[in-house]
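**Student:** Submitted below is the structure of interest, expressed as structure tokens.
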Amino acid sequence: MKSNNSIIRLFNVSKRYGAKYALQDVSLEIQKGEFVFLNGPTGAGKSTLLKMLYLAETVSEGQIIVNGMNLARISRSKLALLRRRFGMIFQDFKLISNRTVFDNVALVLEVAGEKPGYIRKKVMHVLRTANMEKKVHSYPPMLSGGEQQRVAVARAMAGNPSIILADEPTGSLDAEAAQATMDFIMKYHEKGVTVIIASHDIQLISRTVKARSILLKDGILQNTATML
Ligand SMILES: Nc1ncnc2c1ncn2[C@@H]1O[C@H](COP(=O)(O)OP(=O)(O)OP(=O)(O)O)[C@@H](O)[C@H]1O
Ligand SMILES: [Mg+2]
């Protein structure tokens with residue numbers, strides 16, 4: 001296969017739970033630096049697709065290639081490296097309540113074995129970019145939903161991922177907080193990070209220029225039009 005600028009390729013990918021297909025025969029190519037919305041009604045397979053990409057679910061049929069690596073054949077050591085290339089963001093933020101904002105972000109870098117000096121600098125940098133530098137000593141339950149999500153995005157960005165995968169990142173936020181979160185994600189996208197967001201929010205999607213919208217219905221890919 002000729003190499004090109006694609007960072008993610010799916011070849012006839014299906015996912016079955018028992019006899020039921022959550023995704024069926026999905027072929028898709030995502031270029032480096034693209035901004036993609038994964039759109040579609042509830043149960044369409046959006047979360048399933050993201051889970052297969054970040055290796056939380058296995059593929060039933062077909063192949064997924066990320067950064068030239070076949071996810072089905074990847075060695076354990078490469079798997080750990082590949083996981084670090086992904087930054088994950090979820091609807092319910094998944095912050096640790098009894099850790100400060102600073103520690104929530106620092107934890108991923110500590111696990112990755114980074115040095116304390118680097119960690120301090122990096123954590124403060126991503127939190128400043130998120131406009132959260134005044135809340136570094138706060139605990140997540142003391143923050144609004146929008147603030148918590150911006151901390152979660154900062155945490156996802158701290159490891160310098162090349163791909164951001166977000167599952168309904170604005171699903172529990174009001175319109176203003178949702179836009180602030182999107183603006184923050186967009187800052188990183190503009191630096192070249194590939195972004196894939198599963199979302200129901202048609203308004204948010206239509207406001208995001210130059211994003212590609214991918215529509216899933218009943219596990220089947222409907223279109224991959226570029227929005228203008
Ligand atoms: N662990 C599982 N076991 C069995 N079926 C599952 C499992 N996870 C998902 N499914 C089924 O796969 C289909 C796709 O689910 P998925 O969560 O990907 O949809 P979605 O598009 O993310 O929906 P939503 O917009 O509600 O989040 C659904 O029919 C769902 O019931
Ligand atoms: Mg979902």
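By order in the structure tokens, chains are A, B, ...; within a chain, residues start at 1; ligands start at 1, following the order shown.
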At a cut-off of 10 Å, using only C-alpha atoms, what residues contact region 67-80 of chain A? Leave out same-chain residues fewer than 6 positions from it and give the result as a VMD selection string.
**Tutor:** chain A and resid 3 to 10 32 52 to 55 58 to 59 112 162
**Student:** Include N, CA and C atoms and write out the residues we just selected as a PDB file, in the first residue's frame.
**Tutor:**
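Heads up, here's the output in selection-v6.pdb:
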ATOM      1  N   SER A   3       2.138   4.820   0.917  1.00  0.00           N
ATOM      2  CA  SER A   3       1.944   5.644   2.110  1.00  0.00           C
ATOM      3  C   SER A   3       1.497   7.032   1.653  1.00  0.00           C
ATOM      4  N   ASN A   4       0.644   7.648   2.421  1.00  0.00           N
ATOM      5  CA  ASN A   4       0.188   8.998   2.091  1.00  0.00           C
ATOM      6  C   ASN A   4       0.118   9.784   3.393  1.00  0.00           C
ATOM      7  N   ASN A   5      -0.733  10.765   3.417  1.00  0.00           N
ATOM      8  CA  ASN A   5      -0.773  11.621   4.587  1.00  0.00           C
ATOM      9  C   ASN A   5      -1.807  11.171   5.609  1.00  0.00           C
ATOM     10  N   SER A   6      -2.313   9.962   5.470  1.00  0.00           N
ATOM     11  CA  SER A   6      -3.380   9.549   6.389  1.00  0.00           C
ATOM     12  C   SER A   6      -2.787   9.042   7.698  1.00  0.00           C
ATOM     13  N   ILE A   7      -3.475   9.351   8.783  1.00  0.00           N
ATOM     14  CA  ILE A   7      -3.012   8.943  10.108  1.00  0.00           C
ATOM     15  C   ILE A   7      -3.829   7.754  10.600  1.00  0.00           C
ATOM     16  N   ILE A   8      -5.094   7.672  10.118  1.00  0.00           N
ATOM     17  CA  ILE A   8      -5.973   6.567  10.505  1.00  0.00           C
ATOM     18  C   ILE A   8      -6.637   6.016   9.257  1.00  0.00           C
ATOM     19  N   ARG A   9      -6.602   4.693   9.119  1.00  0.00           N
ATOM     20  CA  ARG A   9      -7.315   4.067   8.004  1.00  0.00           C
ATOM     21  C   ARG A   9      -8.103   2.870   8.511  1.00  0.00           C
ATOM     22  N   LEU A  10      -9.353   2.800   8.119  1.00  0.00           N
ATOM     23  CA  LEU A  10     -10.189   1.652   8.440  1.00  0.00           C
ATOM     24  C   LEU A  10     -10.524   0.925   7.153  1.00  0.00           C
ATOM     25  N   LYS A  32      -3.757  13.354   8.447  1.00  0.00           N
ATOM     26  CA  LYS A  32      -3.060  14.059   9.528  1.00  0.00           C
ATOM     27  C   LYS A  32      -3.576  15.487   9.602  1.00  0.00           C
ATOM     28  N   MET A  52     -12.652   1.468  19.435  1.00  0.00           N
ATOM     29  CA  MET A  52     -11.749   0.603  18.669  1.00  0.00           C
ATOM     30  C   MET A  52     -10.464   1.345  18.337  1.00  0.00           C
ATOM     31  N   LEU A  53     -10.592   2.651  18.081  1.00  0.00           N
ATOM     32  CA  LEU A  53      -9.394   3.428  17.755  1.00  0.00           C
ATOM     33  C   LEU A  53      -8.447   3.504  18.941  1.00  0.00           C
ATOM     34  N   TYR A  54      -8.982   3.720  20.141  1.00  0.00           N
ATOM     35  CA  TYR A  54      -8.055   3.811  21.270  1.00  0.00           C
ATOM     36  C   TYR A  54      -7.870   2.477  21.983  1.00  0.00           C
ATOM     37  N   LEU A  55      -8.244   1.426  21.295  1.00  0.00           N
ATOM     38  CA  LEU A  55      -7.937   0.056  21.701  1.00  0.00           C
ATOM     39  C   LEU A  55      -8.638  -0.379  22.978  1.00  0.00           C
ATOM     40  N   THR A  58     -11.878  -4.528  20.672  1.00  0.00           N
ATOM     41  CA  THR A  58     -11.226  -5.173  19.529  1.00  0.00           C
ATOM     42  C   THR A  58     -12.151  -5.100  18.314  1.00  0.00           C
ATOM     43  N   VAL A  59     -11.552  -5.285  17.157  1.00  0.00           N
ATOM     44  CA  VAL A  59     -12.301  -5.287  15.897  1.00  0.00           C
ATOM     45  C   VAL A  59     -12.798  -6.715  15.642  1.00  0.00           C
ATOM     46  N   ALA A 112       3.900   8.498  32.742  1.00  0.00           N
ATOM     47  CA  ALA A 112       4.761   8.375  31.558  1.00  0.00           C
ATOM     48  C   ALA A 112       6.239   8.518  31.914  1.00  0.00           C
ATOM     49  N   SER A 162      -0.857  13.175  19.216  1.00  0.00           N
ATOM     50  CA  SER A 162      -1.043  13.600  17.826  1.00  0.00           C
ATOM     51  C   SER A 162      -2.498  13.451  17.402  1.00  0.00           C
TER      52      SER A 162
END
**Student:** Can you pull out every residue with an atom within 7 Å of ligand 1? Use only C-alpha atoms and all ligand atoms and format it as a list of chain:residue names.
**Tutor:**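 Counting only C-alpha atoms and all ligand atoms, the residues within 7 Å of ligand 1 come out as A:Tyr17, A:Tyr21, A:Ala22, A:Gly40, A:Pro41, A:Thr42, A:Gly43, A:Ala44, A:Gly45, A:Lys46, A:Ser47, A:Thr48, A:Leu49, A:His200, A:Gly219.
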**Student:** Kindly export the residues of the current selection with C-alpha atoms, as a PDB file, in the first residue's frame.
**Tutor:**
ATOM      1  CA  TYR A  17     -21.692  -7.782  19.966  1.00  0.00           C
ATOM      2  CA  TYR A  21     -23.487  -5.420  14.441  1.00  0.00           C
ATOM      3  CA  ALA A  22     -22.621  -2.147  16.211  1.00  0.00           C
ATOM      4  CA  GLY A  40     -25.369  10.140  13.992  1.00  0.00           C
ATOM      5  CA  PRO A  41     -28.330   9.139  16.167  1.00  0.00           C
ATOM      6  CA  THR A  42     -28.075   7.261  19.429  1.00  0.00           C
ATOM      7  CA  GLY A  43     -26.864   3.702  18.952  1.00  0.00           C
ATOM      8  CA  ALA A  44     -25.294   4.529  15.567  1.00  0.00           C
ATOM      9  CA  GLY A  45     -21.875   3.233  16.621  1.00  0.00           C
ATOM     10  CA  LYS A  46     -19.995   6.471  17.286  1.00  0.00           C
ATOM     11  CA  SER A  47     -18.593   5.480  20.678  1.00  0.00           C
ATOM     12  CA  THR A  48     -17.834   1.994  19.384  1.00  0.00           C
ATOM     13  CA  LEU A  49     -15.716   3.445  16.587  1.00  0.00           C
ATOM     14  CA  HIS A 200     -24.950  14.885  18.493  1.00  0.00           C
ATOM     15  CA  GLY A 219     -23.492   1.124  12.288  1.00  0.00           C
TER      16      GLY A 219
END
**Student:** Quick one: residues within 6 Å of Val101 (chain A), only C-alpha atoms counted, chain neighbours fewer than 3 positions away excluded, as a compact mmCIF listing (two decimals) with C-alpha atoms, in the first residue's frame?
**Tutor:**
# COMPACT_ATOMS: atom_id res chain seq x y z
CA ASN A 104 -5.14 15.55 37.71
CA VAL A 136 -4.68 24.82 39.89
CA SER A 138 -8.97 23.56 43.32
CA TYR A 139 -10.58 20.15 43.38
**Student:** Can you work out which one of A:Ser213, A:Thr181, A:Asn98, A:Asp92 has the shortest atom-to-atom distance to Asn131 (chain A), counting only C-alpha atoms?
**Tutor:**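 Residue with the minimum atom-to-atom distance to Asn131 (chain A): A:Thr181.
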**Student:** Do you know which residues are at most 12 Å from Thr129 (chain A) counting only C-alpha atoms, after dropping those on the same chain fewer than 6 positions away, and could you put them as a PDB file with N, CA and C atoms, in the first residue's frame?
**Tutor:**
ATOM      1  N   LYS A 122       4.966  21.889  32.109  1.00  0.00           N
ATOM      2  CA  LYS A 122       3.977  21.446  31.118  1.00  0.00           C
ATOM      3  C   LYS A 122       2.553  21.603  31.659  1.00  0.00           C
ATOM      4  N   VAL A 123       2.362  21.198  32.911  1.00  0.00           N
ATOM      5  CA  VAL A 123       1.016  21.278  33.499  1.00  0.00           C
ATOM      6  C   VAL A 123       0.561  22.735  33.548  1.00  0.00           C
ATOM      7  N   ARG A 150     -12.582  21.731  30.600  1.00  0.00           N
ATOM      8  CA  ARG A 150     -11.349  22.337  30.094  1.00  0.00           C
ATOM      9  C   ARG A 150     -10.116  21.733  30.785  1.00  0.00           C
ATOM     10  N   VAL A 151     -10.269  21.353  32.052  1.00  0.00           N
ATOM     11  CA  VAL A 151      -9.166  20.647  32.731  1.00  0.00           C
ATOM     12  C   VAL A 151      -8.943  19.283  32.066  1.00  0.00           C
ATOM     13  N   VAL A 153      -9.576  18.493  28.998  1.00  0.00           N
ATOM     14  CA  VAL A 153      -8.921  18.705  27.699  1.00  0.00           C
ATOM     15  C   VAL A 153      -7.433  18.993  27.925  1.00  0.00           C
ATOM     16  N   ALA A 154      -7.143  19.829  28.934  1.00  0.00           N
ATOM     17  CA  ALA A 154      -5.738  20.135  29.257  1.00  0.00           C
ATOM     18  C   ALA A 154      -4.976  18.847  29.574  1.00  0.00           C
ATOM     19  N   ARG A 155      -5.618  17.980  30.338  1.00  0.00           N
ATOM     20  CA  ARG A 155      -4.986  16.704  30.682  1.00  0.00           C
ATOM     21  C   ARG A 155      -4.718  15.883  29.420  1.00  0.00           C
ATOM     22  N   MET A 157      -4.155  16.994  26.518  1.00  0.00           N
ATOM     23  CA  MET A 157      -3.123  17.639  25.708  1.00  0.00           C
ATOM     24  C   MET A 157      -1.733  17.563  26.346  1.00  0.00           C
ATOM     25  N   ALA A 158      -1.671  17.300  27.637  1.00  0.00           N
ATOM     26  CA  ALA A 158      -0.397  17.366  28.362  1.00  0.00           C
ATOM     27  C   ALA A 158       0.631  16.383  27.812  1.00  0.00           C
ATOM     28  N   ALA A 180     -16.618  27.247  24.633  1.00  0.00           N
ATOM     29  CA  ALA A 180     -15.294  27.482  25.235  1.00  0.00           C
ATOM     30  C   ALA A 180     -14.438  26.217  25.145  1.00  0.00           C
ATOM     31  N   THR A 181     -15.063  25.079  25.357  1.00  0.00           N
ATOM     32  CA  THR A 181     -14.338  23.806  25.255  1.00  0.00           C
ATOM     33  C   THR A 181     -13.872  23.569  23.819  1.00  0.00           C
ATOM     34  N   ASP A 183     -13.373  25.851  21.535  1.00  0.00           N
ATOM     35  CA  ASP A 183     -12.329  26.829  21.207  1.00  0.00           C
ATOM     36  C   ASP A 183     -10.967  26.330  21.703  1.00  0.00           C
ATOM     37  N   PHE A 184     -10.984  25.735  22.874  1.00  0.00           N
ATOM     38  CA  PHE A 184      -9.748  25.227  23.464  1.00  0.00           C
ATOM     39  C   PHE A 184      -9.201  24.052  22.634  1.00  0.00           C
ATOM     40  N   ILE A 185     -10.091  23.144  22.264  1.00  0.00           N
ATOM     41  CA  ILE A 185      -9.655  22.022  21.413  1.00  0.00           C
ATOM     42  C   ILE A 185      -9.113  22.565  20.087  1.00  0.00           C
ATOM     43  N   MET A 186      -9.779  23.598  19.584  1.00  0.00           N
ATOM     44  CA  MET A 186      -9.403  24.186  18.283  1.00  0.00           C
ATOM     45  C   MET A 186      -7.986  24.780  18.318  1.00  0.00           C
ATOM     46  N   LYS A 187      -7.608  25.333  19.462  1.00  0.00           N
ATOM     47  CA  LYS A 187      -6.241  25.889  19.577  1.00  0.00           C
ATOM     48  C   LYS A 187      -5.202  24.818  19.274  1.00  0.00           C
ATOM     49  N   TYR A 188      -5.460  23.599  19.737  1.00  0.00           N
ATOM     50  CA  TYR A 188      -4.511  22.518  19.494  1.00  0.00           C
ATOM     51  C   TYR A 188      -4.630  21.990  18.074  1.00  0.00           C
TER      52      TYR A 188
END
**Student:** Tell me, as a list in words, which residues lie within 6 Å of Ile164 (chain A), counting only C-alpha atoms; anything in the same chain fewer than 4 positions away does not count.
**Tutor:**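 That gives Phe86, Gly87, Met88 and Val195 of chain A.
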**Student:** What's the separation between CA of Asp167 (chain A) and CA of Leu50 (chain A), in Å to one decimal place?
**Tutor:**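 Distance between the two atoms: 7.5 Å.
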